[in-house]
$ cat start_8.cif   # mmCIF, N, CA and C atoms
data_final
#
loop_
_atom_site.label_atom_id
_atom_site.label_comp_id
_atom_site.auth_asym_id
_atom_site.auth_seq_id
_atom_site.Cartn_x
_atom_site.Cartn_y
_atom_site.Cartn_z
N MET A 1 -45.58 -104.83 43.82
CA MET A 1 -45.50 -106.00 44.64
C MET A 1 -44.05 -106.51 44.59
N THR A 2 -43.58 -106.97 45.74
CA THR A 2 -42.24 -107.55 45.80
C THR A 2 -42.30 -108.86 46.57
N TYR A 3 -41.40 -109.74 46.23
CA TYR A 3 -41.26 -110.99 46.96
C TYR A 3 -39.91 -110.98 47.65
N ARG A 4 -39.85 -111.66 48.79
CA ARG A 4 -38.58 -111.78 49.51
C ARG A 4 -38.15 -113.23 49.47
N LEU A 5 -36.90 -113.43 49.11
CA LEU A 5 -36.34 -114.76 49.05
C LEU A 5 -35.02 -114.73 49.81
N ASP A 6 -34.98 -115.39 50.96
CA ASP A 6 -33.79 -115.41 51.81
C ASP A 6 -33.30 -114.00 52.12
N GLY A 7 -34.24 -113.09 52.43
CA GLY A 7 -33.87 -111.73 52.80
C GLY A 7 -33.60 -110.79 51.64
N VAL A 8 -33.64 -111.29 50.40
CA VAL A 8 -33.39 -110.47 49.23
C VAL A 8 -34.73 -110.05 48.63
N VAL A 9 -34.87 -108.77 48.34
CA VAL A 9 -36.09 -108.26 47.73
C VAL A 9 -36.00 -108.46 46.23
N ILE A 10 -37.01 -109.11 45.67
CA ILE A 10 -37.05 -109.37 44.23
C ILE A 10 -38.24 -108.61 43.65
N PRO A 11 -37.99 -107.56 42.86
CA PRO A 11 -39.12 -106.82 42.28
C PRO A 11 -39.84 -107.67 41.24
N THR A 12 -41.15 -107.53 41.20
CA THR A 12 -41.95 -108.31 40.26
C THR A 12 -42.35 -107.52 39.03
N GLY A 13 -42.07 -106.24 39.02
CA GLY A 13 -42.48 -105.42 37.89
C GLY A 13 -43.81 -104.75 38.10
N PHE A 14 -44.52 -105.14 39.15
CA PHE A 14 -45.82 -104.55 39.42
C PHE A 14 -45.73 -103.36 40.37
N ASP A 15 -44.52 -103.06 40.85
CA ASP A 15 -44.38 -101.98 41.81
C ASP A 15 -44.00 -100.65 41.16
N VAL A 16 -44.07 -100.57 39.84
CA VAL A 16 -43.82 -99.33 39.12
C VAL A 16 -45.12 -98.53 39.11
N PRO A 17 -45.06 -97.22 39.43
CA PRO A 17 -46.30 -96.42 39.42
C PRO A 17 -46.98 -96.46 38.05
N VAL A 18 -48.30 -96.39 38.07
CA VAL A 18 -49.08 -96.43 36.84
C VAL A 18 -49.35 -95.02 36.33
N GLU A 19 -49.68 -94.12 37.23
CA GLU A 19 -49.99 -92.74 36.87
C GLU A 19 -48.76 -91.87 37.06
N PRO A 20 -48.59 -90.86 36.20
CA PRO A 20 -47.48 -89.92 36.43
C PRO A 20 -47.64 -89.23 37.78
N LEU A 21 -46.54 -88.81 38.34
CA LEU A 21 -46.56 -88.04 39.57
C LEU A 21 -47.00 -86.61 39.23
N ARG A 22 -47.95 -86.08 39.97
CA ARG A 22 -48.46 -84.73 39.70
C ARG A 22 -48.49 -83.93 40.98
N ARG A 23 -48.03 -82.69 40.89
CA ARG A 23 -48.10 -81.77 42.01
C ARG A 23 -48.35 -80.36 41.46
N ALA A 24 -49.03 -79.55 42.24
CA ALA A 24 -49.28 -78.17 41.85
C ALA A 24 -49.09 -77.27 43.07
N ALA A 25 -48.66 -76.05 42.80
CA ALA A 25 -48.50 -75.07 43.86
C ALA A 25 -49.04 -73.73 43.39
N HIS A 26 -49.64 -73.01 44.28
CA HIS A 26 -50.23 -71.70 44.02
C HIS A 26 -49.28 -70.64 44.58
N PHE A 27 -48.98 -69.63 43.79
CA PHE A 27 -48.09 -68.55 44.23
C PHE A 27 -48.80 -67.21 44.09
N THR A 28 -48.58 -66.34 45.05
CA THR A 28 -49.27 -65.05 45.09
C THR A 28 -48.58 -63.98 44.26
N GLY A 29 -47.30 -64.17 43.98
CA GLY A 29 -46.55 -63.15 43.27
C GLY A 29 -45.78 -62.23 44.21
N GLU A 30 -45.85 -62.50 45.50
CA GLU A 30 -45.11 -61.69 46.47
C GLU A 30 -43.62 -62.03 46.38
N PRO A 31 -42.76 -61.17 46.90
CA PRO A 31 -41.32 -61.45 46.86
C PRO A 31 -41.00 -62.83 47.46
N GLY A 32 -40.11 -63.53 46.80
CA GLY A 32 -39.71 -64.86 47.25
C GLY A 32 -40.41 -66.01 46.54
N CYS A 33 -41.47 -65.71 45.79
CA CYS A 33 -42.24 -66.77 45.13
C CYS A 33 -41.43 -67.51 44.07
N ILE A 34 -40.58 -66.81 43.36
CA ILE A 34 -39.80 -67.47 42.31
C ILE A 34 -38.83 -68.47 42.92
N ALA A 35 -38.17 -68.09 44.00
CA ALA A 35 -37.28 -69.02 44.71
C ALA A 35 -38.08 -70.20 45.28
N GLU A 36 -39.27 -69.92 45.81
CA GLU A 36 -40.13 -70.99 46.34
C GLU A 36 -40.52 -71.97 45.24
N SER A 37 -40.77 -71.46 44.04
CA SER A 37 -41.16 -72.34 42.93
C SER A 37 -39.99 -73.26 42.54
N ARG A 38 -38.78 -72.75 42.55
CA ARG A 38 -37.61 -73.60 42.26
C ARG A 38 -37.44 -74.66 43.34
N HIS A 39 -37.65 -74.29 44.59
CA HIS A 39 -37.56 -75.25 45.69
C HIS A 39 -38.63 -76.33 45.54
N PHE A 40 -39.84 -75.91 45.18
CA PHE A 40 -40.94 -76.86 44.95
C PHE A 40 -40.56 -77.85 43.85
N ALA A 41 -39.97 -77.34 42.76
CA ALA A 41 -39.55 -78.21 41.65
C ALA A 41 -38.43 -79.15 42.07
N ALA A 42 -37.48 -78.68 42.87
CA ALA A 42 -36.39 -79.54 43.35
C ALA A 42 -36.95 -80.68 44.21
N GLN A 43 -37.91 -80.38 45.06
CA GLN A 43 -38.55 -81.41 45.87
C GLN A 43 -39.29 -82.42 44.99
N PHE A 44 -39.92 -81.92 43.94
CA PHE A 44 -40.63 -82.79 43.00
C PHE A 44 -39.65 -83.75 42.32
N LEU A 45 -38.50 -83.24 41.90
CA LEU A 45 -37.48 -84.10 41.28
C LEU A 45 -37.02 -85.18 42.26
N ASP A 46 -36.82 -84.82 43.51
CA ASP A 46 -36.44 -85.82 44.52
C ASP A 46 -37.52 -86.89 44.66
N GLN A 47 -38.77 -86.46 44.61
CA GLN A 47 -39.88 -87.41 44.70
C GLN A 47 -39.92 -88.33 43.48
N LEU A 48 -39.62 -87.79 42.29
CA LEU A 48 -39.54 -88.63 41.09
C LEU A 48 -38.43 -89.67 41.23
N ARG A 49 -37.31 -89.26 41.79
CA ARG A 49 -36.20 -90.19 42.01
C ARG A 49 -36.63 -91.33 42.93
N THR A 50 -37.39 -91.00 43.95
CA THR A 50 -37.81 -91.99 44.94
C THR A 50 -38.95 -92.86 44.43
N GLU A 51 -40.00 -92.24 43.93
CA GLU A 51 -41.21 -92.99 43.57
C GLU A 51 -41.16 -93.60 42.19
N TRP A 52 -40.44 -92.99 41.26
CA TRP A 52 -40.37 -93.49 39.89
C TRP A 52 -38.99 -94.07 39.57
N CYS A 53 -38.08 -94.05 40.54
CA CYS A 53 -36.70 -94.50 40.33
C CYS A 53 -36.08 -93.77 39.14
N ALA A 54 -36.43 -92.50 39.00
CA ALA A 54 -35.93 -91.70 37.88
C ALA A 54 -34.45 -91.39 38.09
N THR A 55 -33.68 -91.55 37.03
CA THR A 55 -32.28 -91.16 37.02
C THR A 55 -32.22 -89.77 36.40
N ILE A 56 -31.99 -88.79 37.23
CA ILE A 56 -31.99 -87.40 36.78
C ILE A 56 -30.60 -86.83 37.05
N ASP A 57 -29.85 -86.58 35.99
CA ASP A 57 -28.50 -86.06 36.18
C ASP A 57 -28.54 -84.55 36.43
N ALA A 58 -27.38 -83.99 36.72
CA ALA A 58 -27.29 -82.56 37.06
C ALA A 58 -27.75 -81.68 35.90
N LYS A 59 -27.46 -82.09 34.67
CA LYS A 59 -27.85 -81.30 33.50
C LYS A 59 -29.38 -81.23 33.38
N ALA A 60 -30.05 -82.37 33.53
CA ALA A 60 -31.52 -82.40 33.44
C ALA A 60 -32.14 -81.63 34.61
N GLU A 61 -31.58 -81.79 35.79
CA GLU A 61 -32.10 -81.06 36.94
C GLU A 61 -31.95 -79.55 36.74
N GLY A 62 -30.80 -79.14 36.25
CA GLY A 62 -30.58 -77.73 35.97
C GLY A 62 -31.55 -77.20 34.94
N ALA A 63 -31.83 -78.00 33.90
CA ALA A 63 -32.78 -77.59 32.86
C ALA A 63 -34.17 -77.39 33.45
N VAL A 64 -34.61 -78.33 34.28
CA VAL A 64 -35.93 -78.22 34.90
C VAL A 64 -36.02 -76.97 35.76
N LEU A 65 -35.02 -76.74 36.60
CA LEU A 65 -35.06 -75.59 37.50
C LEU A 65 -35.01 -74.27 36.72
N LEU A 66 -34.25 -74.24 35.62
CA LEU A 66 -34.19 -73.02 34.82
C LEU A 66 -35.51 -72.77 34.09
N VAL A 67 -36.12 -73.82 33.55
CA VAL A 67 -37.42 -73.67 32.88
C VAL A 67 -38.47 -73.19 33.88
N VAL A 68 -38.51 -73.80 35.06
CA VAL A 68 -39.46 -73.36 36.09
C VAL A 68 -39.22 -71.89 36.41
N SER A 69 -37.97 -71.53 36.62
CA SER A 69 -37.63 -70.15 36.95
C SER A 69 -38.07 -69.17 35.86
N GLU A 70 -37.80 -69.50 34.60
CA GLU A 70 -38.17 -68.62 33.49
C GLU A 70 -39.68 -68.47 33.37
N LEU A 71 -40.41 -69.59 33.42
CA LEU A 71 -41.86 -69.53 33.23
C LEU A 71 -42.56 -68.83 34.40
N VAL A 72 -42.10 -69.09 35.61
CA VAL A 72 -42.69 -68.44 36.77
C VAL A 72 -42.34 -66.95 36.79
N THR A 73 -41.12 -66.62 36.41
CA THR A 73 -40.73 -65.20 36.35
C THR A 73 -41.61 -64.45 35.35
N ASN A 74 -41.87 -65.07 34.19
CA ASN A 74 -42.75 -64.44 33.20
C ASN A 74 -44.16 -64.23 33.76
N ALA A 75 -44.69 -65.26 34.43
CA ALA A 75 -46.03 -65.13 35.02
C ALA A 75 -46.03 -64.06 36.10
N ASP A 76 -44.98 -64.01 36.88
CA ASP A 76 -44.88 -63.03 37.95
C ASP A 76 -44.85 -61.60 37.40
N ARG A 77 -44.12 -61.42 36.33
CA ARG A 77 -43.96 -60.07 35.75
C ARG A 77 -45.16 -59.61 34.94
N HIS A 78 -45.83 -60.53 34.26
CA HIS A 78 -46.82 -60.12 33.27
C HIS A 78 -48.27 -60.41 33.62
N SER A 79 -48.53 -61.08 34.72
CA SER A 79 -49.93 -61.36 35.04
C SER A 79 -50.46 -60.36 36.05
N ASP A 80 -51.77 -60.29 36.13
CA ASP A 80 -52.43 -59.36 37.03
C ASP A 80 -52.85 -60.03 38.33
N GLY A 81 -52.30 -61.16 38.62
CA GLY A 81 -52.72 -61.85 39.83
C GLY A 81 -51.85 -63.05 40.11
N PRO A 82 -52.33 -63.94 40.92
CA PRO A 82 -51.54 -65.12 41.29
C PRO A 82 -51.36 -66.06 40.10
N TYR A 83 -50.48 -67.02 40.27
CA TYR A 83 -50.23 -68.01 39.23
C TYR A 83 -50.04 -69.37 39.85
N ILE A 84 -50.19 -70.39 39.02
CA ILE A 84 -50.10 -71.78 39.46
C ILE A 84 -48.99 -72.46 38.70
N LEU A 85 -48.15 -73.19 39.42
CA LEU A 85 -47.11 -74.04 38.83
C LEU A 85 -47.58 -75.48 38.97
N GLU A 86 -47.65 -76.18 37.85
CA GLU A 86 -48.09 -77.57 37.84
C GLU A 86 -46.96 -78.41 37.26
N LEU A 87 -46.59 -79.48 37.96
CA LEU A 87 -45.54 -80.39 37.50
C LEU A 87 -46.11 -81.79 37.36
N GLU A 88 -45.72 -82.45 36.28
CA GLU A 88 -46.14 -83.83 36.04
C GLU A 88 -44.94 -84.58 35.49
N GLY A 89 -44.62 -85.73 36.08
CA GLY A 89 -43.43 -86.42 35.62
C GLY A 89 -43.47 -87.92 35.77
N THR A 90 -42.57 -88.55 35.03
CA THR A 90 -42.32 -89.98 35.11
C THR A 90 -40.80 -90.15 35.22
N ASP A 91 -40.33 -91.34 34.94
CA ASP A 91 -38.89 -91.57 35.01
C ASP A 91 -38.15 -91.00 33.80
N THR A 92 -38.87 -90.58 32.76
CA THR A 92 -38.20 -90.10 31.55
C THR A 92 -38.52 -88.66 31.17
N THR A 93 -39.68 -88.14 31.57
CA THR A 93 -40.04 -86.77 31.18
C THR A 93 -40.69 -86.02 32.34
N LEU A 94 -40.60 -84.70 32.24
CA LEU A 94 -41.26 -83.83 33.20
C LEU A 94 -41.93 -82.71 32.43
N THR A 95 -43.18 -82.46 32.74
CA THR A 95 -43.91 -81.36 32.13
C THR A 95 -44.10 -80.26 33.16
N VAL A 96 -43.69 -79.07 32.79
CA VAL A 96 -43.85 -77.87 33.61
C VAL A 96 -44.95 -77.05 32.96
N ALA A 97 -45.97 -76.71 33.73
CA ALA A 97 -47.04 -75.85 33.22
C ALA A 97 -47.26 -74.72 34.21
N VAL A 98 -47.36 -73.51 33.68
CA VAL A 98 -47.64 -72.35 34.51
C VAL A 98 -48.90 -71.68 33.98
N TYR A 99 -49.86 -71.50 34.88
CA TYR A 99 -51.11 -70.83 34.56
C TYR A 99 -51.07 -69.44 35.19
N ASP A 100 -51.47 -68.43 34.44
CA ASP A 100 -51.60 -67.10 35.02
C ASP A 100 -52.84 -66.42 34.48
N SER A 101 -53.17 -65.24 35.04
CA SER A 101 -54.44 -64.57 34.72
C SER A 101 -54.37 -63.63 33.53
N ASN A 102 -53.22 -63.49 32.90
CA ASN A 102 -53.09 -62.61 31.74
C ASN A 102 -53.32 -63.43 30.47
N GLY A 103 -54.32 -63.05 29.69
CA GLY A 103 -54.65 -63.79 28.48
C GLY A 103 -53.76 -63.49 27.28
N THR A 104 -52.85 -62.52 27.42
CA THR A 104 -51.96 -62.18 26.31
C THR A 104 -50.90 -63.26 26.18
N LEU A 105 -50.81 -63.85 24.99
CA LEU A 105 -49.83 -64.91 24.77
C LEU A 105 -48.43 -64.32 24.62
N PRO A 106 -47.43 -64.98 25.18
CA PRO A 106 -46.07 -64.45 25.09
C PRO A 106 -45.53 -64.54 23.67
N ARG A 107 -44.62 -63.64 23.36
CA ARG A 107 -43.99 -63.63 22.04
C ARG A 107 -42.61 -64.23 22.13
N VAL A 108 -42.24 -64.94 21.08
CA VAL A 108 -40.87 -65.44 20.97
C VAL A 108 -40.17 -64.51 19.99
N PHE A 109 -39.13 -63.87 20.46
CA PHE A 109 -38.40 -62.94 19.62
C PHE A 109 -37.32 -63.67 18.84
N PRO A 110 -36.95 -63.16 17.68
CA PRO A 110 -35.85 -63.77 16.93
C PRO A 110 -34.57 -63.71 17.76
N ARG A 111 -33.72 -64.66 17.54
CA ARG A 111 -32.46 -64.71 18.27
C ARG A 111 -31.66 -63.43 18.00
N ASP A 112 -31.24 -62.80 19.08
CA ASP A 112 -30.48 -61.56 18.96
C ASP A 112 -29.59 -61.41 20.19
N PRO A 113 -28.30 -61.77 20.07
CA PRO A 113 -27.40 -61.68 21.22
C PRO A 113 -27.23 -60.25 21.74
N GLN A 114 -27.57 -59.25 20.92
CA GLN A 114 -27.45 -57.85 21.34
C GLN A 114 -28.64 -57.39 22.19
N ARG A 115 -29.75 -58.12 22.12
CA ARG A 115 -30.95 -57.72 22.85
C ARG A 115 -30.74 -57.95 24.35
N ILE A 116 -31.14 -56.99 25.13
CA ILE A 116 -31.06 -57.12 26.58
C ILE A 116 -32.44 -57.52 27.07
N GLY A 117 -32.51 -58.68 27.69
CA GLY A 117 -33.79 -59.18 28.21
C GLY A 117 -34.63 -59.84 27.13
N ARG A 118 -35.79 -60.33 27.56
CA ARG A 118 -36.76 -61.00 26.68
C ARG A 118 -36.20 -62.26 26.01
N HIS A 119 -35.36 -62.97 26.74
CA HIS A 119 -34.80 -64.22 26.24
C HIS A 119 -35.46 -65.45 26.88
N GLY A 120 -36.45 -65.23 27.75
CA GLY A 120 -37.04 -66.32 28.53
C GLY A 120 -37.56 -67.48 27.71
N LEU A 121 -38.45 -67.21 26.77
CA LEU A 121 -39.00 -68.31 25.96
C LEU A 121 -37.95 -68.91 25.03
N GLU A 122 -37.01 -68.12 24.62
CA GLU A 122 -35.90 -68.62 23.80
C GLU A 122 -35.11 -69.66 24.59
N ILE A 123 -34.87 -69.38 25.86
CA ILE A 123 -34.16 -70.32 26.74
C ILE A 123 -35.01 -71.57 26.95
N VAL A 124 -36.29 -71.39 27.25
CA VAL A 124 -37.18 -72.53 27.48
C VAL A 124 -37.24 -73.42 26.25
N ARG A 125 -37.35 -72.83 25.07
CA ARG A 125 -37.41 -73.61 23.82
C ARG A 125 -36.11 -74.38 23.59
N ALA A 126 -34.99 -73.84 24.02
CA ALA A 126 -33.71 -74.53 23.85
C ALA A 126 -33.58 -75.72 24.80
N LEU A 127 -34.23 -75.67 25.94
CA LEU A 127 -34.10 -76.72 26.95
C LEU A 127 -35.18 -77.79 26.88
N ALA A 128 -36.33 -77.46 26.33
CA ALA A 128 -37.47 -78.38 26.31
C ALA A 128 -37.62 -79.02 24.94
N ARG A 129 -38.18 -80.22 24.93
CA ARG A 129 -38.42 -80.88 23.63
C ARG A 129 -39.72 -80.40 23.00
N ASP A 130 -40.60 -79.81 23.82
CA ASP A 130 -41.86 -79.30 23.32
C ASP A 130 -42.30 -78.14 24.21
N VAL A 131 -42.76 -77.07 23.59
CA VAL A 131 -43.27 -75.91 24.32
C VAL A 131 -44.62 -75.53 23.71
N GLY A 132 -45.60 -75.31 24.55
CA GLY A 132 -46.92 -74.92 24.06
C GLY A 132 -47.48 -73.77 24.88
N VAL A 133 -48.25 -72.93 24.22
CA VAL A 133 -48.90 -71.80 24.87
C VAL A 133 -50.34 -71.80 24.42
N GLU A 134 -51.26 -71.66 25.37
CA GLU A 134 -52.67 -71.62 25.01
C GLU A 134 -53.45 -70.77 25.99
N ARG A 135 -54.51 -70.18 25.47
CA ARG A 135 -55.42 -69.45 26.35
C ARG A 135 -56.28 -70.47 27.09
N VAL A 136 -56.55 -70.15 28.33
CA VAL A 136 -57.47 -70.94 29.16
C VAL A 136 -58.50 -69.97 29.71
N PRO A 137 -59.61 -70.45 30.26
CA PRO A 137 -60.67 -69.53 30.70
C PRO A 137 -60.22 -68.42 31.65
N VAL A 138 -59.20 -68.67 32.44
CA VAL A 138 -58.77 -67.65 33.40
C VAL A 138 -57.56 -66.85 32.93
N GLY A 139 -57.02 -67.15 31.77
CA GLY A 139 -55.83 -66.46 31.27
C GLY A 139 -55.09 -67.28 30.24
N LYS A 140 -53.92 -67.80 30.65
CA LYS A 140 -53.16 -68.64 29.72
C LYS A 140 -52.39 -69.71 30.47
N ARG A 141 -51.94 -70.70 29.70
CA ARG A 141 -51.09 -71.77 30.22
C ARG A 141 -49.89 -71.85 29.30
N VAL A 142 -48.70 -71.87 29.89
CA VAL A 142 -47.47 -72.09 29.15
C VAL A 142 -46.90 -73.41 29.66
N ARG A 143 -46.63 -74.32 28.72
CA ARG A 143 -46.23 -75.68 29.07
C ARG A 143 -44.94 -76.05 28.36
N ALA A 144 -44.05 -76.74 29.08
CA ALA A 144 -42.80 -77.20 28.50
C ALA A 144 -42.55 -78.64 28.95
N VAL A 145 -42.18 -79.49 28.00
CA VAL A 145 -41.87 -80.89 28.29
C VAL A 145 -40.35 -81.07 28.21
N ILE A 146 -39.78 -81.61 29.27
CA ILE A 146 -38.33 -81.75 29.36
C ILE A 146 -37.99 -83.23 29.48
N ASP A 147 -37.02 -83.68 28.68
CA ASP A 147 -36.53 -85.05 28.79
C ASP A 147 -35.60 -85.14 29.99
N LEU A 148 -35.83 -86.17 30.83
CA LEU A 148 -34.99 -86.35 32.00
C LEU A 148 -33.88 -87.37 31.74
N ALA A 149 -34.14 -88.32 30.89
CA ALA A 149 -33.16 -89.37 30.62
C ALA A 149 -32.39 -89.06 29.35
N GLY A 150 -31.10 -89.24 29.42
CA GLY A 150 -30.28 -89.06 28.22
C GLY A 150 -30.19 -87.63 27.77
N GLY A 151 -30.49 -86.66 28.69
CA GLY A 151 -30.52 -85.26 28.32
C GLY A 151 -29.20 -84.66 28.12
#

$ encode --input "start_8.cif" --output "structure tokens"
Amino acid sequence: MTYRLDGVVIPTGFDVPVEPLRRAAHFTGEPGCIAESRHFAAQFLDQLRTEWCATIDAKAEGAVLLVVSELVTNADRHSDGPYILELEGTDTTLTVAVYDSNGTLPRVFPRDPQRIGRHGLEIVRALARDVGVERVPVGKRVRAVIDLAGG
């Protein structure tokens, strides 16, 4: 709710959203899906800026897009079917969750600069404040929580 006084909008504090913003997208795994998922996440960040007045700097935006890219790439490479990207955010945090049909939980390898590939979860863990992996009835869910403010 806002009041107007001599043409000036005065926020009352009641116009802040109560529920986090949530969006989900289904991807088939066909070529172009990974780029589409990043575009979907970029649009979500713009919506957070508008609806939640979130201040998201370039570093936080880059972290979100990289986490989305890594998690979706893993689902694309290792699942036997389509996958779902789910985003939930407020003005301070964003949760990225990817569901896929493969029930095998991903492994985190020890840090090894000589290793070629298999750095995805290592990157996600470096960028997120919390990372979780769990089996779900249709496969698994990989979730990462990213701080948007002060990142």

$ residues_around --input "start_8.cif" --residues "Ala24 of chain A" --least-positions-apart "2" --cutoff "8 Å" --atoms "only N, CA and C atoms" --output "PyMOL selection string"
chain A and resi 21-22+26-27+84-88

$ residues_around --input "start_8.cif" --residues "His78 of chain A" --least-positions-apart "3" --cutoff "10 Å" --atoms "only C-alpha atoms" --output "MDAnalysis selection string"
chainID A and resid 72:75 81 100:104 106

$ atom_distance --input "start_8.cif" --atom1 "atom CA of Glu61 of chain A" --atom2 "atom CA of Val98 of chain A"
18.0 Å

$ resolve_selection --input "start_8.cif" --expression "the PyMOL selection byres ((chain A and resi 47-55) around 7)" --output "MDAnalysis selection string"
chainID A and resid 16:17 42:46 56:57 89:92 148:149

$ write_last_selection --input "start_8.cif" --atoms "N, CA and C atoms" --output "PDB file, in the coordinates of the input"
ATOM      1  N   VAL A  16     -44.070-100.570  39.840  1.00  0.00           N
ATOM      2  CA  VAL A  16     -43.820 -99.330  39.120  1.00  0.00           C
ATOM      3  C   VAL A  16     -45.120 -98.530  39.110  1.00  0.00           C
ATOM      4  N   PRO A  17     -45.060 -97.220  39.430  1.00  0.00           N
ATOM      5  CA  PRO A  17     -46.300 -96.420  39.420  1.00  0.00           C
ATOM      6  C   PRO A  17     -46.980 -96.460  38.050  1.00  0.00           C
ATOM      7  N   ALA A  42     -37.480 -78.680  42.870  1.00  0.00           N
ATOM      8  CA  ALA A  42     -36.390 -79.540  43.350  1.00  0.00           C
ATOM      9  C   ALA A  42     -36.950 -80.680  44.210  1.00  0.00           C
ATOM     10  N   GLN A  43     -37.910 -80.380  45.060  1.00  0.00           N
ATOM     11  CA  GLN A  43     -38.550 -81.410  45.870  1.00  0.00           C
ATOM     12  C   GLN A  43     -39.290 -82.420  44.990  1.00  0.00           C
ATOM     13  N   PHE A  44     -39.920 -81.920  43.940  1.00  0.00           N
ATOM     14  CA  PHE A  44     -40.630 -82.790  43.000  1.00  0.00           C
ATOM     15  C   PHE A  44     -39.650 -83.750  42.320  1.00  0.00           C
ATOM     16  N   LEU A  45     -38.500 -83.240  41.900  1.00  0.00           N
ATOM     17  CA  LEU A  45     -37.480 -84.100  41.280  1.00  0.00           C
ATOM     18  C   LEU A  45     -37.020 -85.180  42.260  1.00  0.00           C
ATOM     19  N   ASP A  46     -36.820 -84.820  43.510  1.00  0.00           N
ATOM     20  CA  ASP A  46     -36.440 -85.820  44.520  1.00  0.00           C
ATOM     21  C   ASP A  46     -37.520 -86.890  44.660  1.00  0.00           C
ATOM     22  N   ILE A  56     -31.990 -88.790  37.230  1.00  0.00           N
ATOM     23  CA  ILE A  56     -31.990 -87.400  36.780  1.00  0.00           C
ATOM     24  C   ILE A  56     -30.600 -86.830  37.050  1.00  0.00           C
ATOM     25  N   ASP A  57     -29.850 -86.580  35.990  1.00  0.00           N
ATOM     26  CA  ASP A  57     -28.500 -86.060  36.180  1.00  0.00           C
ATOM     27  C   ASP A  57     -28.540 -84.550  36.430  1.00  0.00           C
ATOM     28  N   GLY A  89     -44.620 -85.730  36.080  1.00  0.00           N
ATOM     29  CA  GLY A  89     -43.430 -86.420  35.620  1.00  0.00           C
ATOM     30  C   GLY A  89     -43.470 -87.920  35.770  1.00  0.00           C
ATOM     31  N   THR A  90     -42.570 -88.550  35.030  1.00  0.00           N
ATOM     32  CA  THR A  90     -42.320 -89.980  35.110  1.00  0.00           C
ATOM     33  C   THR A  90     -40.800 -90.150  35.220  1.00  0.00           C
ATOM     34  N   ASP A  91     -40.330 -91.340  34.940  1.00  0.00           N
ATOM     35  CA  ASP A  91     -38.890 -91.570  35.010  1.00  0.00           C
ATOM     36  C   ASP A  91     -38.150 -91.000  33.800  1.00  0.00           C
ATOM     37  N   THR A  92     -38.870 -90.580  32.760  1.00  0.00           N
ATOM     38  CA  THR A  92     -38.200 -90.100  31.550  1.00  0.00           C
ATOM     39  C   THR A  92     -38.520 -88.660  31.170  1.00  0.00           C
ATOM     40  N   LEU A 148     -35.830 -86.170  30.830  1.00  0.00           N
ATOM     41  CA  LEU A 148     -34.990 -86.350  32.000  1.00  0.00           C
ATOM     42  C   LEU A 148     -33.880 -87.370  31.740  1.00  0.00           C
ATOM     43  N   ALA A 149     -34.140 -88.320  30.890  1.00  0.00           N
ATOM     44  CA  ALA A 149     -33.160 -89.370  30.620  1.00  0.00           C
ATOM     45  C   ALA A 149     -32.390 -89.060  29.350  1.00  0.00           C
TER      46      ALA A 149
END

$ atom_distance --input "start_8.cif" --atom1 "atom C of Asp76 of chain A" --atom2 "atom CA of Ala63 of chain A"
20.5 Å

$ resolve_selection --input "start_8.cif" --expression "the PyMOL selection byres (((chain A and resi 124 and name CA) around 12) and name CA)" --output "ChimeraX atom specification"
/A:62-72,74,96-97,108,118-123,125-132,142-146

$ atom_distance --input "start_8.cif" --atom1 "atom C of Thr95 of chain A" --atom2 "atom C of Val133 of chain A"
13.7 Å

$ select_by_dssp --input "start_8.cif" --residues "segment 19-131 of chain A" --states "alpha helix (DSSP H)" --output "PyMOL selection string"
chain A and resi 33-51+58-78+120-127

$ closest_residue --input "start_8.cif" --among "A:Tyr99, A:Glu36, A:Glu134, A:Leu105" --to "Pro82 of chain A" --atoms "only N, CA and C atoms"
A:Tyr99

$ select_by_dssp --input "start_8.cif" --residues "chain A" --states "strand (DSSP E)" --output "PyMOL selection string"
chain A and resi 2-5+8-11+21-27+83-89+93-100+130-136+139-147

$ closest_residue --input "start_8.cif" --among "A:Gly117, A:Tyr83, A:Phe40, A:Asp147" --to "Thr28 of chain A" --atoms "all atoms listed in the file"
A:Tyr83

$ closest_residue --input "start_8.cif" --among "A:Leu94, A:Gly29, A:Glu19, A:Gly139" --to "Ala41 of chain A" --atoms "only C-alpha atoms"
A:Leu94

$ build_atoms --input "start_8.cif" --residues "segment 119-124 of chain A" --atoms "N, CA, C and O atoms" --output "PDB file, keeping the file's coordinate frame"
ATOM      1  N   HIS A 119     -35.360 -62.970  26.740  1.00  0.00           N
ATOM      2  CA  HIS A 119     -34.800 -64.220  26.240  1.00  0.00           C
ATOM      3  C   HIS A 119     -35.460 -65.450  26.880  1.00  0.00           C
ATOM      4  O   HIS A 119     -35.074 -66.579  26.605  1.00  0.00           O
ATOM      5  N   GLY A 120     -36.450 -65.230  27.750  1.00  0.00           N
ATOM      6  CA  GLY A 120     -37.040 -66.320  28.530  1.00  0.00           C
ATOM      7  C   GLY A 120     -37.560 -67.480  27.710  1.00  0.00           C
ATOM      8  O   GLY A 120     -37.155 -68.622  27.908  1.00  0.00           O
ATOM      9  N   LEU A 121     -38.450 -67.210  26.770  1.00  0.00           N
ATOM     10  CA  LEU A 121     -39.000 -68.310  25.960  1.00  0.00           C
ATOM     11  C   LEU A 121     -37.950 -68.910  25.030  1.00  0.00           C
ATOM     12  O   LEU A 121     -38.011 -70.091  24.715  1.00  0.00           O
ATOM     13  N   GLU A 122     -37.010 -68.120  24.620  1.00  0.00           N
ATOM     14  CA  GLU A 122     -35.900 -68.620  23.800  1.00  0.00           C
ATOM     15  C   GLU A 122     -35.110 -69.660  24.590  1.00  0.00           C
ATOM     16  O   GLU A 122     -34.767 -70.732  24.070  1.00  0.00           O
ATOM     17  N   ILE A 123     -34.870 -69.380  25.860  1.00  0.00           N
ATOM     18  CA  ILE A 123     -34.160 -70.320  26.740  1.00  0.00           C
ATOM     19  C   ILE A 123     -35.010 -71.570  26.950  1.00  0.00           C
ATOM     20  O   ILE A 123     -34.517 -72.698  26.844  1.00  0.00           O
ATOM     21  N   VAL A 124     -36.290 -71.390  27.250  1.00  0.00           N
ATOM     22  CA  VAL A 124     -37.180 -72.530  27.480  1.00  0.00           C
ATOM     23  C   VAL A 124     -37.240 -73.420  26.250  1.00  0.00           C
ATOM     24  O   VAL A 124     -37.147 -74.648  26.342  1.00  0.00           O
TER      25      VAL A 124
END
